[in-house]
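**Student:** Below is the file query_39.cif, which contains mmCIF, C-alpha atoms.
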```
data_my_file
loop_
_atom_site.label_atom_id
_atom_site.label_comp_id
_atom_site.auth_asym_id
_atom_site.auth_seq_id
_atom_site.Cartn_x
_atom_site.Cartn_y
_atom_site.Cartn_z
CA MET A 1 4.69 -28.82 24.84
CA TYR A 2 3.23 -26.50 22.31
CA LEU A 3 2.78 -22.83 22.90
CA ARG A 4 1.70 -19.91 20.80
CA LYS A 5 3.99 -17.11 19.80
CA TYR A 6 2.67 -13.62 20.37
CA GLU A 7 3.87 -10.08 20.36
CA THR A 8 2.25 -7.26 22.27
CA VAL A 9 2.82 -3.56 21.83
CA ALA A 10 1.73 -1.40 24.75
CA ILE A 11 1.63 2.37 24.84
CA VAL A 12 2.31 3.90 28.22
CA ASN A 13 1.07 7.36 29.11
CA PRO A 14 4.15 9.60 29.07
CA ASP A 15 2.91 11.46 32.15
CA ALA A 16 3.38 8.26 34.11
CA GLY A 17 7.14 8.49 33.72
CA THR A 18 9.66 5.74 34.25
CA ASP A 19 7.69 4.30 37.15
CA GLY A 20 4.66 3.94 34.93
CA VAL A 21 6.65 2.16 32.26
CA GLN A 22 8.04 -0.19 34.88
CA ARG A 23 4.58 -0.84 36.29
CA VAL A 24 3.16 -1.73 32.90
CA LEU A 25 6.10 -3.98 32.19
CA ASP A 26 5.73 -5.72 35.54
CA ARG A 27 2.08 -6.39 34.78
CA MET A 28 2.90 -7.88 31.43
CA ARG A 29 5.57 -10.11 32.87
CA GLU A 30 3.29 -11.13 35.70
CA ALA A 31 0.70 -12.33 33.20
CA ILE A 32 3.27 -14.35 31.31
CA THR A 33 4.77 -16.12 34.31
CA LYS A 34 1.39 -16.70 35.91
CA THR A 35 0.06 -18.54 32.88
CA GLY A 36 3.12 -20.60 32.04
CA GLY A 37 4.36 -18.42 29.22
CA GLN A 38 7.94 -17.60 28.40
CA GLU A 39 9.30 -14.21 27.56
CA ALA A 40 11.45 -14.10 24.45
CA ARG A 41 12.36 -10.47 23.96
CA LEU A 42 11.57 -7.05 25.29
CA GLU A 43 12.09 -3.90 23.30
CA ASP A 44 11.82 -0.39 24.57
CA TRP A 45 10.93 1.84 21.68
CA GLY A 46 10.96 4.90 23.88
CA ARG A 47 8.77 7.91 23.47
CA ARG A 48 7.32 8.28 20.07
CA ARG A 49 4.99 10.77 18.54
CA LEU A 50 1.48 9.34 18.20
CA ALA A 51 -0.21 9.52 14.82
CA PHE A 52 -3.26 10.94 16.58
CA GLU A 53 -4.06 12.24 20.00
CA MET A 54 -5.23 9.82 22.65
CA ALA A 55 -5.85 10.39 26.33
CA LYS A 56 -4.94 14.03 25.63
CA GLN A 57 -1.42 12.98 24.76
CA ASN A 58 0.57 13.51 21.61
CA LYS A 59 3.32 11.16 22.62
CA GLY A 60 3.46 7.72 24.08
CA HIS A 61 6.07 5.42 25.49
CA TYR A 62 6.10 2.22 23.46
CA LEU A 63 6.92 -1.20 24.84
CA TYR A 64 7.20 -4.28 22.69
CA LEU A 65 7.19 -7.77 24.11
CA LEU A 66 7.69 -11.02 22.24
CA TYR A 67 6.73 -14.16 24.10
CA LEU A 68 5.40 -17.68 24.04
CA GLY A 69 2.15 -18.37 25.79
CA THR A 70 -1.36 -19.68 25.56
CA THR A 71 -4.70 -18.06 24.93
CA SER A 72 -5.02 -17.48 28.66
CA THR A 73 -1.68 -15.66 28.68
CA VAL A 74 -3.10 -13.11 26.30
CA ALA A 75 -6.41 -12.94 28.12
CA GLU A 76 -4.65 -12.26 31.41
CA LEU A 77 -2.17 -9.85 29.91
CA GLU A 78 -4.88 -7.80 28.28
CA ARG A 79 -7.01 -7.91 31.40
CA LEU A 80 -4.12 -6.55 33.42
CA LEU A 81 -3.29 -3.87 30.89
CA GLY A 82 -6.93 -2.88 30.83
CA ILE A 83 -6.89 -2.15 34.54
CA THR A 84 -3.51 -0.47 34.46
CA GLU A 85 -4.18 3.22 34.11
CA GLU A 86 -0.77 4.03 32.69
CA ALA A 87 -1.36 1.80 29.67
CA MET A 88 -3.15 3.91 27.10
CA LYS A 89 -3.45 1.27 24.42
CA TYR A 90 -2.19 -2.15 23.53
CA GLN A 91 -2.32 -4.62 20.71
CA THR A 92 -1.45 -8.29 20.61
CA VAL A 93 -0.67 -10.13 17.41
CA LEU A 94 -0.47 -13.88 17.05
CA LEU A 95 2.68 -14.77 15.15
CA ASP A 96 2.65 -18.53 15.29
CA PRO A 97 -0.16 -20.71 16.63
CA ARG A 98 2.02 -23.73 17.29
CA VAL A 99 5.57 -23.55 18.58
CA LYS A 100 7.44 -26.33 20.34
CA ALA A 101 8.46 -24.58 23.53
CA ASP A 102 11.56 -26.64 24.29
CA GLU A 103 12.86 -26.28 20.76
CA PHE A 104 12.26 -22.58 20.50
CA ASP A 105 15.45 -20.67 19.92
CA PHE A 106 15.35 -17.97 22.58
CA GLU A 107 18.88 -16.87 21.83
CA LYS A 108 17.98 -16.17 18.26
CA ALA A 109 14.78 -14.37 19.23
CA LYS A 110 16.78 -12.23 21.64
CA SER A 111 19.40 -11.33 19.10
CA GLU A 112 16.91 -10.10 16.53
CA SER A 113 15.21 -6.77 16.81
CA THR A 114 12.75 -4.55 15.07
CA GLN A 115 13.97 -1.25 13.78
CA HIS A 116 12.47 0.71 16.64
CA ALA A 117 14.65 -0.96 19.22
CA ARG A 118 17.61 1.12 18.22
CA SER A 119 15.38 4.18 18.55
CA GLU A 120 17.07 7.41 19.58
CA ALA A 121 14.51 7.83 22.32
CA ALA A 122 15.00 4.35 23.72
CA SER A 123 16.10 5.57 27.10
CA PRO A 124 13.05 6.31 29.19
CA LEU A 125 14.66 8.87 31.44
CA PHE A 126 12.44 11.86 31.45
CA GLU A 127 11.25 14.04 34.26
CA ASP A 128 8.53 12.56 36.39
CA ASP A 129 5.51 14.66 37.04
CA GLU A 130 2.94 13.90 39.62
CA ASP A 131 -0.35 14.32 37.80
CA GLU A 132 -2.43 11.23 37.36
CA SER A 133 -3.40 9.88 34.01
CA ASP A 134 -7.17 9.99 33.97
CA ASP A 135 -8.89 8.44 31.03
CA GLU A 136 -7.89 5.05 29.93
CA GLU A 137 -8.66 3.68 26.58
CA TYR A 138 -8.11 0.30 25.21
CA GLU A 139 -8.64 -1.55 22.07
CA GLU A 140 -7.32 -4.65 20.55
CA GLU A 141 -7.09 -6.18 17.21
CA ASP A 142 -6.64 -9.88 16.69
CA MET B 1 -17.97 0.07 -25.92
CA ARG B 2 -15.19 -0.69 -23.50
CA LYS B 3 -12.36 1.74 -23.50
CA ARG B 4 -8.95 0.17 -23.86
CA ARG B 5 -5.99 1.26 -21.84
CA THR B 6 -4.25 3.85 -23.91
CA GLY B 7 -0.55 4.43 -23.63
CA GLY B 8 1.31 4.20 -20.38
CA ARG B 9 2.73 0.98 -19.11
CA ARG B 10 1.25 -1.61 -16.90
CA LYS B 11 2.04 -1.09 -13.26
CA VAL B 12 4.00 -3.77 -11.52
CA CYS B 13 3.35 -4.76 -7.95
CA PRO B 14 6.32 -3.44 -5.94
CA PHE B 15 6.11 -6.38 -3.56
CA LEU B 16 6.17 -9.00 -6.29
CA ALA B 17 9.08 -7.20 -7.86
CA ASP B 18 11.08 -7.14 -4.64
CA LYS B 19 10.88 -10.03 -2.22
CA ASN B 20 12.93 -8.11 0.27
CA LEU B 21 10.41 -5.30 0.32
CA ALA B 22 7.58 -7.77 0.81
CA ALA B 23 9.38 -9.17 3.84
CA GLN B 24 9.41 -5.71 5.41
CA LEU B 25 5.67 -5.39 5.05
CA ASP B 26 4.76 -5.17 8.70
CA TYR B 27 2.74 -2.92 10.97
CA LYS B 28 5.92 -2.14 12.90
CA ASN B 29 7.35 -0.52 9.80
CA PRO B 30 5.18 2.58 9.33
CA GLU B 31 7.70 4.26 7.03
CA LEU B 32 7.06 1.69 4.36
CA LEU B 33 3.30 1.67 4.92
CA LYS B 34 3.20 5.44 4.62
CA ARG B 35 3.96 5.12 0.95
CA PHE B 36 0.60 3.42 0.49
CA ILE B 37 -1.65 5.87 2.26
CA THR B 38 -2.79 9.26 1.03
CA ASP B 39 -1.98 12.43 2.92
CA ARG B 40 -5.43 12.16 4.48
CA GLY B 41 -4.49 8.75 5.78
CA ARG B 42 -6.60 6.65 3.45
CA ILE B 43 -5.31 3.43 1.96
CA VAL B 44 -4.39 3.93 -1.68
CA PRO B 45 -6.49 1.70 -3.96
CA ARG B 46 -4.51 -0.84 -5.83
CA ARG B 47 -5.72 0.41 -9.18
CA ILE B 48 -3.58 3.44 -8.41
CA SER B 49 -0.65 1.84 -6.66
CA GLY B 50 -0.49 -1.29 -8.77
CA VAL B 51 -0.12 -3.59 -5.78
CA SER B 52 -1.23 -7.17 -6.44
CA SER B 53 -4.39 -8.33 -4.71
CA PHE B 54 -2.40 -10.72 -2.53
CA TYR B 55 -0.16 -8.00 -1.18
CA GLN B 56 -2.92 -5.41 -1.06
CA ARG B 57 -4.72 -7.61 1.46
CA ILE B 58 -1.61 -7.95 3.58
CA LEU B 59 -0.88 -4.25 3.22
CA ALA B 60 -4.38 -3.29 4.32
CA ARG B 61 -4.15 -5.57 7.35
CA GLU B 62 -0.80 -4.14 8.40
CA ILE B 63 -1.94 -0.55 7.91
CA LYS B 64 -4.95 -1.22 10.12
CA ARG B 65 -2.76 -2.78 12.77
CA ALA B 66 -0.43 0.20 12.65
CA ARG B 67 -3.41 2.52 13.11
CA ALA B 68 -4.57 0.65 16.17
CA ILE B 69 -1.36 1.54 17.98
CA ALA B 70 -1.11 5.07 16.61
CA LEU B 71 1.83 4.47 14.31
CA LEU B 72 -0.35 5.62 11.43
CA PRO B 73 -3.33 7.99 11.43
CA TYR B 74 -6.90 7.01 10.78
CA ALA B 75 -8.38 8.83 7.80
CA SER B 76 -9.05 12.43 8.67
CA ALA B 77 -12.69 13.42 8.41
CA GLY B 78 -14.29 15.72 5.87
CA GLU B 79 -13.36 16.51 2.34
#
```
Translate this file's structure into C-alpha coordinates.
**Tutor:**
Amino acid sequence: MYLRKYETVAIVNPDAGTDGVQRVLDRMREAITKTGGQEARLEDWGRRRLAFEMAKQNKGHYLYLLYLGTTSTVAELERLLGITEEAMKYQTVLLDPRVKADEFDFEKAKSESTQHARSEAASPLFEDDEDESDDEEYEEED
Amino acid sequence: MRKRRTGGRRKVCPFLADKNLAAQLDYKNPELLKRFITDRGRIVPRRISGVSSFYQRILAREIKRARAIALLPYASAGE
(Lines of atoms letter the chains of each structure in order from A and count residues from 1; the text may use other names and numbers.)
(Lines give C-alpha, C1' and ligand atoms only; values in the text may rest on other atoms or scores of the structure.)
Protein backbone atom coordinates (compact mmCIF):
# COMPACT_ATOMS: atom_id res chain seq x y z
CA MET A 1 0.00 0.00 0.00
CA TYR A 2 1.19 3.42 -0.87
CA LEU A 3 1.13 6.30 1.54
CA ARG A 4 2.39 9.83 1.49
CA LYS A 5 5.17 11.07 3.69
CA TYR A 6 4.50 14.28 5.55
CA GLU A 7 5.96 16.36 8.29
CA THR A 8 4.02 18.77 10.44
CA VAL A 9 5.38 21.45 12.71
CA ALA A 10 2.97 22.73 15.34
CA ILE A 11 3.52 25.65 17.66
CA VAL A 12 1.89 25.32 21.04
CA ASN A 13 1.03 28.36 23.12
CA PRO A 14 3.58 28.42 25.95
CA ASP A 15 0.90 29.49 28.43
CA ALA A 16 -0.74 26.12 27.92
CA GLY A 17 2.17 24.38 29.63
CA THR A 18 3.03 20.72 29.48
CA ASP A 19 -0.62 19.71 29.47
CA GLY A 20 -1.21 21.82 26.41
CA VAL A 21 1.71 20.27 24.59
CA GLN A 22 0.40 16.83 25.47
CA ARG A 23 -3.09 17.74 24.28
CA VAL A 24 -1.84 18.96 20.93
CA LEU A 25 0.28 15.87 20.52
CA ASP A 26 -2.65 13.61 21.37
CA ARG A 27 -4.75 15.34 18.73
CA MET A 28 -2.10 14.87 16.11
CA ARG A 29 -1.67 11.21 16.93
CA GLU A 30 -5.41 10.72 16.98
CA ALA A 31 -5.65 12.05 13.43
CA ILE A 32 -2.92 9.73 12.25
CA THR A 33 -4.31 6.55 13.76
CA LYS A 34 -7.87 7.41 12.78
CA THR A 35 -6.99 7.73 9.12
CA GLY A 36 -4.66 4.77 8.80
CA GLY A 37 -1.43 6.71 8.96
CA GLN A 38 1.75 5.67 10.68
CA GLU A 39 3.89 7.82 12.88
CA ALA A 40 7.57 7.77 12.03
CA ARG A 41 9.19 10.23 14.39
CA LEU A 42 8.34 12.84 16.94
CA GLU A 43 10.66 15.65 17.87
CA ASP A 44 10.21 18.07 20.69
CA TRP A 45 12.03 21.24 19.82
CA GLY A 46 11.07 22.83 23.09
CA ARG A 47 10.39 26.49 23.63
CA ARG A 48 11.85 28.69 21.02
CA ARG A 49 11.77 32.39 20.47
CA LEU A 50 9.34 33.31 17.70
CA ALA A 51 10.59 35.51 14.88
CA PHE A 52 7.51 37.67 15.39
CA GLU A 53 4.79 37.96 17.95
CA MET A 54 1.68 35.85 17.56
CA ALA A 55 -1.23 35.39 19.92
CA LYS A 56 0.55 37.92 22.15
CA GLN A 57 3.39 35.50 22.65
CA ASN A 58 7.07 35.87 21.96
CA LYS A 59 7.83 32.23 22.47
CA GLY A 60 6.28 29.03 21.34
CA HIS A 61 6.66 25.36 22.07
CA TYR A 62 7.54 23.57 18.85
CA LEU A 63 6.51 20.03 18.01
CA TYR A 64 7.66 18.22 14.92
CA LEU A 65 6.02 15.07 13.65
CA LEU A 66 7.10 12.93 10.72
CA TYR A 67 4.56 10.41 9.51
CA LEU A 68 3.06 8.45 6.67
CA GLY A 69 -0.53 9.10 5.78
CA THR A 70 -3.02 10.08 3.15
CA THR A 71 -4.58 13.36 2.14
CA SER A 72 -7.32 12.73 4.68
CA THR A 73 -4.71 12.30 7.42
CA VAL A 74 -3.55 15.83 6.81
CA ALA A 75 -7.08 17.16 6.46
CA GLU A 76 -8.06 15.61 9.79
CA LEU A 77 -4.87 16.62 11.51
CA GLU A 78 -5.21 20.22 10.45
CA ARG A 79 -8.89 20.26 11.31
CA LEU A 80 -8.08 19.04 14.80
CA LEU A 81 -5.24 21.50 15.26
CA GLY A 82 -7.53 24.27 14.08
CA ILE A 83 -9.98 23.57 16.87
CA THR A 84 -7.30 23.04 19.48
CA GLU A 85 -6.84 26.36 21.21
CA GLU A 86 -3.36 25.60 22.44
CA ALA A 87 -2.04 25.22 18.90
CA MET A 88 -1.08 28.68 17.72
CA LYS A 89 0.13 27.71 14.28
CA TYR A 90 1.00 24.70 12.23
CA GLN A 91 2.45 23.81 8.89
CA THR A 92 2.46 20.55 6.99
CA VAL A 93 4.91 19.78 4.23
CA LEU A 94 4.62 16.90 1.80
CA LEU A 95 7.96 15.15 1.58
CA ASP A 96 7.17 12.22 -0.65
CA PRO A 97 3.90 11.63 -2.51
CA ARG A 98 4.39 7.90 -2.90
CA VAL A 99 5.96 5.67 -0.27
CA LYS A 100 5.50 1.92 0.03
CA ALA A 101 4.28 1.65 3.59
CA ASP A 102 5.51 -1.88 4.29
CA GLU A 103 8.94 -1.13 2.93
CA PHE A 104 9.38 2.14 4.74
CA ASP A 105 12.33 2.06 7.08
CA PHE A 106 10.87 3.29 10.36
CA GLU A 107 14.03 2.47 12.26
CA LYS A 108 16.04 4.70 10.02
CA ALA A 109 13.48 7.50 10.20
CA LYS A 110 13.56 7.25 13.97
CA SER A 111 17.30 7.37 14.20
CA GLU A 112 17.62 10.52 12.14
CA SER A 113 16.85 13.92 13.54
CA THR A 114 16.79 17.55 12.63
CA GLN A 115 19.13 19.85 14.44
CA HIS A 116 16.44 21.22 16.71
CA ALA A 117 15.82 17.88 18.35
CA ARG A 118 18.94 18.21 20.42
CA SER A 119 17.72 21.66 21.43
CA GLU A 120 18.74 22.88 24.87
CA ALA A 121 15.13 23.68 25.61
CA ALA A 122 13.86 20.27 24.60
CA SER A 123 12.46 19.47 27.99
CA PRO A 124 9.02 21.00 28.29
CA LEU A 125 9.00 21.34 32.04
CA PHE A 126 8.01 24.85 32.82
CA GLU A 127 5.61 26.23 35.34
CA ASP A 128 1.97 25.86 34.46
CA ASP A 129 -0.18 28.90 34.71
CA GLU A 130 -3.90 28.85 34.62
CA ASP A 131 -4.80 31.57 32.16
CA GLU A 132 -6.48 30.48 28.99
CA SER A 133 -5.04 31.09 25.59
CA ASP A 134 -7.58 33.24 23.83
CA ASP A 135 -6.97 33.97 20.21
CA GLU A 136 -6.12 31.19 17.92
CA GLU A 137 -4.54 31.68 14.61
CA TYR A 138 -3.81 29.24 11.95
CA GLU A 139 -2.30 29.15 8.59
CA GLU A 140 -0.88 26.56 6.36
CA GLU A 141 1.35 26.38 3.44
CA ASP A 142 1.36 23.46 1.06
CA MET B 1 25.33 51.56 -24.99
CA ARG B 2 25.41 48.65 -22.60
CA LYS B 3 27.79 48.98 -19.75
CA ARG B 4 30.10 46.04 -19.30
CA ARG B 5 30.92 44.59 -15.95
CA THR B 6 34.04 46.33 -14.82
CA GLY B 7 36.48 44.66 -12.51
CA GLY B 8 35.44 42.39 -9.71
CA ARG B 9 34.94 38.71 -10.21
CA ARG B 10 31.90 36.78 -11.13
CA LYS B 11 29.98 35.54 -8.15
CA VAL B 12 29.62 31.82 -7.76
CA CYS B 13 26.48 30.22 -6.44
CA PRO B 14 27.35 28.95 -2.94
CA PHE B 15 25.00 26.00 -3.36
CA LEU B 16 26.49 24.86 -6.65
CA ALA B 17 29.92 25.19 -5.13
CA ASP B 18 29.04 23.07 -2.11
CA LYS B 19 26.67 20.15 -2.46
CA ASN B 20 26.68 19.68 1.26
CA LEU B 21 25.42 23.19 1.80
CA ALA B 22 22.69 22.66 -0.76
CA ALA B 23 21.54 19.60 1.14
CA GLN B 24 21.08 21.71 4.26
CA LEU B 25 18.82 24.11 2.44
CA ASP B 26 15.66 23.56 4.42
CA TYR B 27 13.08 25.63 6.26
CA LYS B 28 14.05 23.85 9.47
CA ASN B 29 17.51 25.35 9.21
CA PRO B 30 16.90 29.07 9.77
CA GLU B 31 20.56 29.77 10.57
CA LEU B 32 21.53 29.03 7.01
CA LEU B 33 18.55 30.88 5.54
CA LYS B 34 19.37 33.94 7.62
CA ARG B 35 22.42 34.50 5.49
CA PHE B 36 20.13 35.18 2.55
CA ILE B 37 17.78 37.70 4.08
CA THR B 38 18.47 41.33 4.84
CA ASP B 39 18.26 42.69 8.35
CA ARG B 40 14.75 43.84 7.51
CA GLY B 41 13.87 40.27 6.68
CA ARG B 42 13.67 40.59 2.92
CA ILE B 43 15.04 37.91 0.64
CA VAL B 44 18.32 39.01 -0.90
CA PRO B 45 18.07 39.21 -4.70
CA ARG B 46 20.29 36.80 -6.49
CA ARG B 47 22.04 39.54 -8.40
CA ILE B 48 23.51 40.45 -5.03
CA SER B 49 24.01 37.04 -3.51
CA GLY B 50 25.05 35.25 -6.68
CA VAL B 51 22.78 32.27 -6.03
CA SER B 52 21.83 30.35 -9.17
CA SER B 53 18.23 30.60 -10.32
CA PHE B 54 17.64 26.95 -9.46
CA TYR B 55 18.72 27.37 -5.87
CA GLN B 56 17.20 30.82 -5.53
CA ARG B 57 13.80 29.27 -6.17
CA ILE B 58 14.38 26.60 -3.56
CA LEU B 59 15.81 29.17 -1.16
CA ALA B 60 12.80 31.45 -1.56
CA ARG B 61 10.42 28.55 -0.95
CA GLU B 62 12.23 27.48 2.20
CA ILE B 63 12.45 31.02 3.54
CA LYS B 64 8.71 31.40 3.07
CA ARG B 65 8.06 28.12 4.83
CA ALA B 66 10.28 29.19 7.70
CA ARG B 67 8.33 32.44 7.97
CA ALA B 68 5.05 30.61 8.19
CA ILE B 69 6.14 28.94 11.42
CA ALA B 70 7.91 31.98 12.84
CA LEU B 71 11.44 30.69 12.44
CA LEU B 72 12.18 33.72 10.30
CA PRO B 73 10.55 37.16 10.32
CA TYR B 74 8.38 38.57 7.59
CA ALA B 75 9.78 41.77 6.13
CA SER B 76 9.36 44.62 8.56
CA ALA B 77 7.22 47.45 7.26
CA GLY B 78 8.32 50.94 6.31
CA GLU B 79 11.59 52.22 5.03
**Student:** Once the PyMOL selection byres ((chain A and resi 99-112) around 7) has been evaluated on this model, what residues remain selected, and can you format them as JSON, numbers by chain?
**Tutor:** {"A": [1, 2, 3, 4, 5, 40, 41, 96, 97, 98, 113]}
**Student:** Within 10 Å of chain A, which residues of chain B show up when using all atoms listed in the file, listed as a list in words?
**Tutor:**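 Result: Lys28, Asn29, Lys64, Arg65, Ala66, Arg67, Ala68, Ile69, Ala70, Leu71, Leu72, Pro73, Tyr74 and Ser76 of chain B.
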**Student:** Would you mind exporting the chosen residues as a CSV table (one decimal), in the frame of the given file, restricted to C-alpha atoms?
**Tutor:**
```csv
chain,number,residue,atom,x,y,z
B,28,LYS,CA,5.9,-2.1,12.9
B,29,ASN,CA,7.4,-0.5,9.8
B,64,LYS,CA,-5.0,-1.2,10.1
B,65,ARG,CA,-2.8,-2.8,12.8
B,66,ALA,CA,-0.4,0.2,12.6
B,67,ARG,CA,-3.4,2.5,13.1
B,68,ALA,CA,-4.6,0.6,16.2
B,69,ILE,CA,-1.4,1.5,18.0
B,70,ALA,CA,-1.1,5.1,16.6
B,71,LEU,CA,1.8,4.5,14.3
B,72,LEU,CA,-0.4,5.6,11.4
B,73,PRO,CA,-3.3,8.0,11.4
B,74,TYR,CA,-6.9,7.0,10.8
B,76,SER,CA,-9.0,12.4,8.7
```
**Student:** At a cut-off of 12 Å, using only C-alpha atoms, what residues contact Lys34 of chain A? Leave out same-chain residues fewer than 2 positions from it and give the result as a ChimeraX atom specification.
**Tutor:** /A:26-32,36-39,69-70,72-77,80
**Student:** Using Å and a single decimal, report how far atom CA of Tyr6 of chain A sits from atom CA of Ile63 of chain B.
**Tutor:**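 Distance reported for this atom pair: 18.6 Å.
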**Student:** Work out how far atom CA of His61 of chain A is from atom CA of Asp44 of chain A, in Å to one decimal.
**Tutor:**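 Separation of atom CA of Asp44 of chain A and atom CA of His61 of chain A: 8.2 Å.
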**Student:** Please provide as a ChimeraX atom specification all residues within 9 Å of segment 51-60 of chain B, with the sequence filter that same-chain residues fewer than 2 positions apart are discarded (counting only C-alpha atoms).
**Tutor:** /B:11-16,22,25-27,33,36,43,45-49,62-65
